[in-house]
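Report on the structure given below.
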Amino acid sequence: MADNHVLVTGAAGFIGFHVSRRLLANGRAVVGVDNLSPYYDTRLKEARLAELRKFDNFEFARLDLAERAATAGLFETYRFPRVVHLAAQAGVRHSLVDPHAYVDANLQGFVNVLEGCRHHGCGHLLFASSSSVYGANTKLPFRTSDNVDHPISLYAASKKANELMAHAYAHLFRLPATGLRFFTVYGPWGRPDMAMWIFAASIMAGRPIQLFNHGNMRRDFTYIDDVVEAVVRLVDRPAVADPHWSGDKPDPARSAAPWRIYNIGNNKPVEISYVVSLLEEVIGKKAVCELRPMQPGDVPETYADVDDLRREVGFRPDTSIAHGVRNFVEWYRAYHG
């Protein structure tokens with residue numbers, strides 16, 4: 001397999017689609033994998049794939065990574081030098097309803113990817129983690145050097161498990177692995193189960209918006225183009241062992257193995273109510289808001305420290321929420337005609 005080939009799992013998903021499109025535009029050959037899960041409307045996933053199929057250097061395989069033999073066959077066929085693993089069962093709230101989906105996709109699927117990388121010469125595994133791993137932590141901003149041993153949802157626990165599983169493979173088999181803790185990603189081609197989409201759809205339709213924690217929520221909204229930029233800069237920058245790492249005083253974000261964790265966040269948390277006001281302005285219609293108590297598994301605020309990313313990769317997400325909201329609404333209107 002040529003050095004410019006990249007496997008992108010979850011290629012029909014929100015982040016996977018954007019990462020694939022950017023890599024393809026940069027001249028990389030991308031093999032996209034997705035199981036087209038019906039967690040949300042598969043027509044949106046098909047529409048994303050239709051955009052990717054416009055590139056001659058794109059191949060797609062419909063495959064469930066939890067199926068061990070099929071995943072092993074994929075890796076044996078292509079022997080990917082780079083893997084960007086973005087496939088997952090997403091969503092904090094859904095994990096209270098269907099926990100087995102998270103075990104199948106996020107644990108079984110991930111170990112199958114790790115095995116594929118281990119046995120077929122992968123030079124770098126870049127994988128999605130989540131800001132949800134910070135769980136019960138309240139010290140802000142969230143730093144990758146913080147301990148994250150208190151997840152408050154099964155989704156968060158599965159993402160923490162991914163970081164630990166990747167570390168074991170980095171230690172045992174010297175598989176370079178880099179985990180990315182994404183913070184509330186939004187933008188064009190986004191997910192219908194996320195706040196930005198739900199709010200925009202509700203305002204346009206005149207339906208009430210539910211604001212949890214009685215409206216006192218802050219999120220580090222991160223625009224999709226910034227996420228893609230971070231991924232693209234890191235894909236050819238394999239994690240390396242830190243020669244100064246010490247088990248006497250372990251840094252949770254680094255290791256004596258080739259393993260690394262980064263926050264991918266905007267570093268500028270905003271009130272959810274402010275996002276609603278931006279949507280009202282762009283849409284040209286007032287929202288009907290209902291204040292609700294905090295939901296199980298949720299946290300009142302997220303805030304990413306991204307100093308490591310800026311120092312080591314020369315980039316930090318900085319798209320303003322006002323700019324990002326306007327772009328999302330323009331896309332949403334165009335997509336829905």
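Here, A, B, ... name the chains of the structure tokens in the order displayed, residue numbers run from 1 inside each chain, and ligands are numbered from 1 in the same displayed order.
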For A:Asn112, please output as a list of chain:residue names all residues within 8 Å (counting only C-alpha atoms; exclusion window: fewer than 2 positions along the same chain).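 The residues satisfying every condition are A:Leu65, A:Ala66, A:Glu67, A:Arg68, A:Thr71, A:Ala72, A:Gln108, A:Gly109, A:Phe110, A:Leu114, A:Glu115, A:Gly116.
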Stretch 232-252 of chain A near stretch 19-41 of chain A within 12 Å: what's each residue's closest atom pair and its distance in Å to one decimal, counting only C-alpha atoms, ordered by chain then ascending residue number, as JSON lines?
{"residue": "A:Val232", "atom": "CA", "partner": "A:Leu23", "partner_atom": "CA", "distance": 7.3}
{"residue": "A:Arg233", "atom": "CA", "partner": "A:Leu23", "partner_atom": "CA", "distance": 10.6}
{"residue": "A:Leu234", "atom": "CA", "partner": "A:Val19", "partner_atom": "CA", "distance": 11.8}
{"residue": "A:Val235", "atom": "CA", "partner": "A:Leu23", "partner_atom": "CA", "distance": 9.9}
{"residue": "A:Asp236", "atom": "CA", "partner": "A:Leu23", "partner_atom": "CA", "distance": 11.5}
Within 9 Å of A:Gly324, counting only C-alpha atoms, which residues show up once you throw out same-chain ones fewer than 3 positions away? Write them as a VMD selection string, please. chain A and resid 186 to 188 222 to 224 319 to 321 327 to 329
Please dump the current selection as a tab-separated table (two decimals), in the first residue's frame; keep N, CA, C and O atoms.
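Writing done, so here's out.tsv:
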chain	number	residue	atom	x	y	z
A	186	TYR	N	-18.90	21.28	16.00
A	186	TYR	CA	-20.11	21.71	15.28
A	186	TYR	C	-19.70	22.27	13.93
A	186	TYR	O	-18.53	22.57	13.68
A	187	GLY	N	-20.70	22.44	13.06
A	187	GLY	CA	-20.45	23.05	11.76
A	187	GLY	C	-21.26	22.38	10.67
A	187	GLY	O	-22.09	21.50	10.94
A	188	PRO	N	-21.08	22.79	9.40
A	188	PRO	CA	-21.80	22.18	8.28
A	188	PRO	C	-21.63	20.66	8.25
A	188	PRO	O	-20.58	20.14	8.62
A	222	THR	N	-16.26	23.89	19.19
A	222	THR	CA	-15.08	23.84	18.33
A	222	THR	C	-15.53	23.62	16.89
A	222	THR	O	-16.17	22.61	16.58
A	223	TYR	N	-15.18	24.56	16.02
A	223	TYR	CA	-15.64	24.52	14.64
A	223	TYR	C	-14.94	23.40	13.87
A	223	TYR	O	-13.74	23.16	14.06
A	224	ILE	N	-15.68	22.75	13.02
A	224	ILE	CA	-15.19	21.55	12.33
A	224	ILE	C	-13.91	21.79	11.55
A	224	ILE	O	-13.02	20.93	11.53
A	319	THR	N	-11.64	29.60	15.39
A	319	THR	CA	-12.81	30.10	14.67
A	319	THR	C	-13.84	30.60	15.68
A	319	THR	O	-14.21	29.88	16.60
A	320	SER	N	-14.29	31.83	15.51
A	320	SER	CA	-15.24	32.41	16.47
A	320	SER	C	-16.59	31.71	16.37
A	320	SER	O	-16.98	31.23	15.29
A	321	ILE	N	-17.30	31.65	17.48
A	321	ILE	CA	-18.60	31.01	17.50
A	321	ILE	C	-19.58	31.74	16.58
A	321	ILE	O	-20.42	31.11	15.93
A	327	ASN	N	-22.03	30.02	9.41
A	327	ASN	CA	-21.71	29.01	8.39
A	327	ASN	C	-22.62	27.79	8.53
A	327	ASN	O	-23.07	27.23	7.52
A	328	PHE	N	-22.87	27.38	9.77
A	328	PHE	CA	-23.73	26.21	9.97
A	328	PHE	C	-25.16	26.48	9.48
A	328	PHE	O	-25.74	25.64	8.78
A	329	VAL	N	-25.70	27.62	9.83
A	329	VAL	CA	-27.08	27.93	9.43
A	329	VAL	C	-27.19	28.03	7.92
A	329	VAL	O	-28.17	27.54	7.32
Quick one: residues within 8 Å of A:Val92, only C-alpha atoms counted, chain neighbours fewer than 4 positions away excluded, as a list in words? Leu96, Ser153, Leu154, Tyr155, Ala156, Gly297 and Asp298 of chain A
In Å and to one decimal, atom CA of A:Pro176 is distant from atom CA of A:Cys122 by 8.3 Å
What are the nearest atom pairs, with distances in Å to one decimal, for all residues of stretch 17-136 of chain A that come at most 12 Å from stretch 166-170 of chain A, using only C-alpha atoms, set out by chain and rising residue number as JSON lines?
{"residue": "A:His85", "atom": "CA", "partner": "A:Ala166", "partner_atom": "CA", "distance": 11.5}
{"residue": "A:Leu107", "atom": "CA", "partner": "A:Ala166", "partner_atom": "CA", "distance": 11.1}
{"residue": "A:Phe110", "atom": "CA", "partner": "A:Ala166", "partner_atom": "CA", "distance": 8.9}
{"residue": "A:Val111", "atom": "CA", "partner": "A:Ala166", "partner_atom": "CA", "distance": 8.6}
{"residue": "A:Asn112", "atom": "CA", "partner": "A:Ala166", "partner_atom": "CA", "distance": 11.5}
{"residue": "A:Val113", "atom": "CA", "partner": "A:Ala166", "partner_atom": "CA", "distance": 10.0}
{"residue": "A:Leu114", "atom": "CA", "partner": "A:Ala166", "partner_atom": "CA", "distance": 7.2}
{"residue": "A:Glu115", "atom": "CA", "partner": "A:Tyr169", "partner_atom": "CA", "distance": 8.7}
{"residue": "A:Gly116", "atom": "CA", "partner": "A:Tyr169", "partner_atom": "CA", "distance": 11.4}
{"residue": "A:Cys117", "atom": "CA", "partner": "A:Tyr169", "partner_atom": "CA", "distance": 9.5}
{"residue": "A:Arg118", "atom": "CA", "partner": "A:Tyr169", "partner_atom": "CA", "distance": 7.7}
{"residue": "A:His119", "atom": "CA", "partner": "A:Tyr169", "partner_atom": "CA", "distance": 11.2}
{"residue": "A:Cys122", "atom": "CA", "partner": "A:Ala170", "partner_atom": "CA", "distance": 11.6}
{"residue": "A:Gly123", "atom": "CA", "partner": "A:Ala170", "partner_atom": "CA", "distance": 11.2}
{"residue": "A:His124", "atom": "CA", "partner": "A:Ala170", "partner_atom": "CA", "distance": 10.1}
{"residue": "A:Leu125", "atom": "CA", "partner": "A:Ala166", "partner_atom": "CA", "distance": 8.7}
{"residue": "A:Leu126", "atom": "CA", "partner": "A:Ala166", "partner_atom": "CA", "distance": 9.8}
{"residue": "A:Phe127", "atom": "CA", "partner": "A:Ala166", "partner_atom": "CA", "distance": 8.9}
{"residue": "A:Ala128", "atom": "CA", "partner": "A:Ala166", "partner_atom": "CA", "distance": 11.1}
{"residue": "A:Ser129", "atom": "CA", "partner": "A:Ala166", "partner_atom": "CA", "distance": 10.9}
Take the residues from that selection and put them in a file with C-alpha atoms, as a PDB file, in the first residue's frame.
ATOM      1  CA  HIS A  85     -10.086   6.036  13.674  1.00  0.00           C
ATOM      2  CA  LEU A 107     -14.604  -1.382  22.657  1.00  0.00           C
ATOM      3  CA  PHE A 110     -11.494  -0.492  18.689  1.00  0.00           C
ATOM      4  CA  VAL A 111      -9.618  -3.641  19.689  1.00  0.00           C
ATOM      5  CA  ASN A 112     -10.166  -4.971  16.163  1.00  0.00           C
ATOM      6  CA  VAL A 113      -8.627  -1.778  14.762  1.00  0.00           C
ATOM      7  CA  LEU A 114      -5.706  -2.065  17.182  1.00  0.00           C
ATOM      8  CA  GLU A 115      -5.122  -5.656  16.088  1.00  0.00           C
ATOM      9  CA  GLY A 116      -5.226  -4.629  12.427  1.00  0.00           C
ATOM     10  CA  CYS A 117      -2.676  -1.899  13.062  1.00  0.00           C
ATOM     11  CA  ARG A 118      -0.469  -4.223  15.106  1.00  0.00           C
ATOM     12  CA  HIS A 119      -0.294  -7.020  12.560  1.00  0.00           C
ATOM     13  CA  CYS A 122       0.620   0.763  10.685  1.00  0.00           C
ATOM     14  CA  GLY A 123       3.000   3.654  11.300  1.00  0.00           C
ATOM     15  CA  HIS A 124       0.506   5.838  13.187  1.00  0.00           C
ATOM     16  CA  LEU A 125      -2.938   5.353  14.686  1.00  0.00           C
ATOM     17  CA  LEU A 126      -4.785   8.614  15.290  1.00  0.00           C
ATOM     18  CA  PHE A 127      -8.005   8.020  17.226  1.00  0.00           C
ATOM     19  CA  ALA A 128     -10.946  10.011  18.536  1.00  0.00           C
ATOM     20  CA  SER A 129     -11.369  10.412  22.252  1.00  0.00           C
TER      21      SER A 129
END
Near stretch 134-148 of chain A, 9 Å: stretch 215-295 of chain A residue rows, closest pairs, only C-alpha atoms, as JSON lines:
{"residue": "A:Asp251", "atom": "CA", "partner": "A:Ser145", "partner_atom": "CA", "distance": 5.7}
{"residue": "A:Pro252", "atom": "CA", "partner": "A:Ser145", "partner_atom": "CA", "distance": 5.2}
{"residue": "A:Ala253", "atom": "CA", "partner": "A:Thr144", "partner_atom": "CA", "distance": 5.3}
{"residue": "A:Arg254", "atom": "CA", "partner": "A:Ser145", "partner_atom": "CA", "distance": 8.4}
{"residue": "A:Ile261", "atom": "CA", "partner": "A:Thr144", "partner_atom": "CA", "distance": 6.7}
{"residue": "A:Tyr262", "atom": "CA", "partner": "A:Thr144", "partner_atom": "CA", "distance": 6.5}
{"residue": "A:Asn263", "atom": "CA", "partner": "A:Thr144", "partner_atom": "CA", "distance": 6.7}
{"residue": "A:Asn267", "atom": "CA", "partner": "A:Pro141", "partner_atom": "CA", "distance": 8.1}
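Distance-wise, atom CA of A:Ala90 and atom CA of A:Ala334 end up 25.5 Å apart.
With distances restricted to only C-alpha atoms, A:Glu290 is the closest residue to A:Ser202 from A:Asp226, A:Glu51, A:Glu312, A:Glu290.
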So which residues of stretch 24-147 of chain A fall under alpha helix (DSSP H) by DSSP, listed as JSON, numbers by chain? {"A": [24, 25, 42, 43, 44, 45, 46, 47, 48, 49, 50, 51, 52, 68, 69, 70, 71, 72, 73, 74, 75, 76, 77, 78, 99, 100, 101, 102, 109, 110, 111, 112, 113, 114, 115, 116, 117, 118, 119]}
What would the file look like if the residues just selected were written as a short mmCIF file (atom, residue, chain, number, x, y, z; two decimals), in the first residue's frame with N, CA and C atoms?
data_model
loop_
_atom_site.label_atom_id
_atom_site.label_comp_id
_atom_site.auth_asym_id
_atom_site.auth_seq_id
_atom_site.Cartn_x
_atom_site.Cartn_y
_atom_site.Cartn_z
N LEU A 24 -8.41 13.99 0.91
CA LEU A 24 -8.58 13.77 -0.53
C LEU A 24 -8.18 15.01 -1.32
N ALA A 25 -8.60 16.17 -0.85
CA ALA A 25 -8.26 17.42 -1.53
C ALA A 25 -6.76 17.67 -1.50
N THR A 42 -29.80 7.99 8.04
CA THR A 42 -28.72 7.53 7.16
C THR A 42 -28.68 8.28 5.84
N ARG A 43 -29.75 9.01 5.51
CA ARG A 43 -29.73 9.81 4.28
C ARG A 43 -28.67 10.90 4.36
N LEU A 44 -28.44 11.42 5.54
CA LEU A 44 -27.38 12.41 5.73
C LEU A 44 -26.02 11.76 5.51
N LYS A 45 -25.85 10.55 6.01
CA LYS A 45 -24.59 9.84 5.81
C LYS A 45 -24.36 9.52 4.34
N GLU A 46 -25.42 9.12 3.65
CA GLU A 46 -25.31 8.85 2.21
C GLU A 46 -24.97 10.12 1.44
N ALA A 47 -25.52 11.24 1.86
CA ALA A 47 -25.22 12.51 1.19
C ALA A 47 -23.75 12.90 1.38
N ARG A 48 -23.23 12.65 2.57
CA ARG A 48 -21.80 12.90 2.80
C ARG A 48 -20.95 12.01 1.89
N LEU A 49 -21.31 10.73 1.83
CA LEU A 49 -20.55 9.80 0.98
C LEU A 49 -20.61 10.22 -0.49
N ALA A 50 -21.75 10.74 -0.92
CA ALA A 50 -21.87 11.20 -2.31
C ALA A 50 -20.86 12.31 -2.60
N GLU A 51 -20.62 13.17 -1.62
CA GLU A 51 -19.61 14.22 -1.78
C GLU A 51 -18.20 13.62 -1.89
N LEU A 52 -17.92 12.61 -1.08
CA LEU A 52 -16.59 11.99 -1.10
C LEU A 52 -16.36 11.20 -2.39
N ARG A 68 -14.94 -9.09 13.67
CA ARG A 68 -13.50 -9.32 13.75
C ARG A 68 -12.90 -9.77 12.41
N ALA A 69 -13.52 -10.76 11.78
CA ALA A 69 -12.94 -11.32 10.55
C ALA A 69 -12.95 -10.29 9.43
N ALA A 70 -14.05 -9.54 9.30
CA ALA A 70 -14.14 -8.54 8.23
C ALA A 70 -13.11 -7.44 8.42
N THR A 71 -12.92 -7.00 9.66
CA THR A 71 -11.94 -5.95 9.94
C THR A 71 -10.52 -6.46 9.69
N ALA A 72 -10.24 -7.67 10.11
CA ALA A 72 -8.92 -8.26 9.86
C ALA A 72 -8.65 -8.35 8.36
N GLY A 73 -9.67 -8.73 7.60
CA GLY A 73 -9.52 -8.82 6.15
C GLY A 73 -9.23 -7.47 5.51
N LEU A 74 -9.89 -6.41 6.01
CA LEU A 74 -9.64 -5.06 5.50
C LEU A 74 -8.18 -4.67 5.69
N PHE A 75 -7.65 -4.89 6.89
CA PHE A 75 -6.26 -4.50 7.17
C PHE A 75 -5.28 -5.38 6.39
N GLU A 76 -5.60 -6.65 6.23
CA GLU A 76 -4.71 -7.54 5.48
C GLU A 76 -4.65 -7.13 4.01
N THR A 77 -5.78 -6.65 3.47
CA THR A 77 -5.83 -6.24 2.07
C THR A 77 -5.04 -4.97 1.83
N TYR A 78 -5.18 -3.99 2.71
CA TYR A 78 -4.63 -2.65 2.43
C TYR A 78 -3.33 -2.34 3.17
N PRO A 99 -26.61 0.75 26.17
CA PRO A 99 -25.19 0.61 26.53
C PRO A 99 -24.44 -0.40 25.67
N HIS A 100 -25.12 -1.44 25.20
CA HIS A 100 -24.43 -2.48 24.43
C HIS A 100 -23.88 -1.95 23.11
N ALA A 101 -24.53 -0.93 22.55
CA ALA A 101 -24.03 -0.34 21.31
C ALA A 101 -22.64 0.27 21.51
N TYR A 102 -22.38 0.78 22.72
CA TYR A 102 -21.09 1.41 23.02
C TYR A 102 -20.00 0.35 23.23
N GLY A 109 -15.00 -2.85 18.50
CA GLY A 109 -14.51 -2.26 17.25
C GLY A 109 -13.10 -1.73 17.38
N PHE A 110 -12.81 -1.11 18.52
CA PHE A 110 -11.49 -0.49 18.69
C PHE A 110 -10.39 -1.54 18.83
N VAL A 111 -10.66 -2.62 19.56
CA VAL A 111 -9.62 -3.64 19.69
C VAL A 111 -9.36 -4.31 18.34
N ASN A 112 -10.38 -4.42 17.50
CA ASN A 112 -10.17 -4.97 16.16
C ASN A 112 -9.30 -4.05 15.31
N VAL A 113 -9.48 -2.74 15.46
CA VAL A 113 -8.63 -1.78 14.76
C VAL A 113 -7.19 -1.86 15.29
N LEU A 114 -7.05 -1.93 16.60
CA LEU A 114 -5.71 -2.07 17.18
C LEU A 114 -4.99 -3.32 16.66
N GLU A 115 -5.72 -4.42 16.59
CA GLU A 115 -5.12 -5.66 16.09
C GLU A 115 -4.72 -5.52 14.62
N GLY A 116 -5.56 -4.85 13.83
CA GLY A 116 -5.23 -4.63 12.43
C GLY A 116 -3.97 -3.80 12.28
N CYS A 117 -3.87 -2.75 13.10
CA CYS A 117 -2.68 -1.90 13.06
C CYS A 117 -1.44 -2.68 13.51
N ARG A 118 -1.59 -3.46 14.55
CA ARG A 118 -0.47 -4.22 15.11
C ARG A 118 0.11 -5.21 14.09
N HIS A 119 -0.76 -5.91 13.40
CA HIS A 119 -0.29 -7.02 12.56
C HIS A 119 0.08 -6.59 11.14
#
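Using only C-alpha atoms, the shortest contact distance between A:His171 and any of A:Arg333, A:Arg260, A:Arg218, A:Arg62 is found at A:Arg260.
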Return the single residue from A:Arg219, A:Arg174, A:Lys286, A:Arg237 that is closest to A:Ala205, with distances computed using only C-alpha atoms.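 Closest to A:Ala205, using only C-alpha atoms: A:Lys286.
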Just the residues within 10 Å of A:His214, please, counting only C-alpha atoms, with nothing from its chain fewer than 2 positions along; format it as number ranges by chain. A: 210-212, 216-217, 290-294
Can you write just those residues out, C-alpha atoms, as an mmCIF file, in the first residue's frame?
data_model
loop_
_atom_site.group_PDB
_atom_site.id
_atom_site.type_symbol
_atom_site.label_atom_id
_atom_site.label_comp_id
_atom_site.auth_asym_id
_atom_site.auth_seq_id
_atom_site.Cartn_x
_atom_site.Cartn_y
_atom_site.Cartn_z
ATOM 1 C CA GLN A 210 -34.870 22.713 26.167
ATOM 2 C CA LEU A 211 -32.019 24.386 28.050
ATOM 3 C CA PHE A 212 -30.671 22.027 30.680
ATOM 4 C CA ASN A 216 -26.493 27.595 33.037
ATOM 5 C CA MET A 217 -24.381 25.521 30.650
ATOM 6 C CA GLU A 290 -37.803 25.850 28.339
ATOM 7 C CA LEU A 291 -35.488 25.619 31.364
ATOM 8 C CA ARG A 292 -34.826 22.065 32.529
ATOM 9 C CA PRO A 293 -32.702 20.448 35.279
ATOM 10 C CA MET A 294 -29.335 18.872 34.520
#
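Minimum atom-to-atom distances from A:Gly13, A:Arg326, A:Val227, A:Asp307 to A:Leu279 were compared using only C-alpha atoms, and the lowest value belongs to A:Arg326.
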Quick one: DSSP strand (DSSP E or B) residues in stretch 15-259 of chain A, as number ranges by chain? A: 29-34, 58-62, 82-85, 124-130, 142, 177-182, 185-186, 208-211, 218-219, 222-223, 259
Looking at only C-alpha atoms, which of A:Phe60, A:Phe182, A:Phe221, A:Phe173 is the one that sits closest to A:Ala195?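 Looking at the shortest contact to A:Ala195, the residue is A:Phe221.
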Report, in Å to a single decimal, how far apart atom CA of A:Ala322 and atom CA of A:Arg207 are.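 Between these atoms lies a distance of 22.6 Å.
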Using only C-alpha atoms, which of the listed residues (A:Leu63, A:Val299, A:Ala287, A:Ala200) sits closest to A:His336? A:Ala200
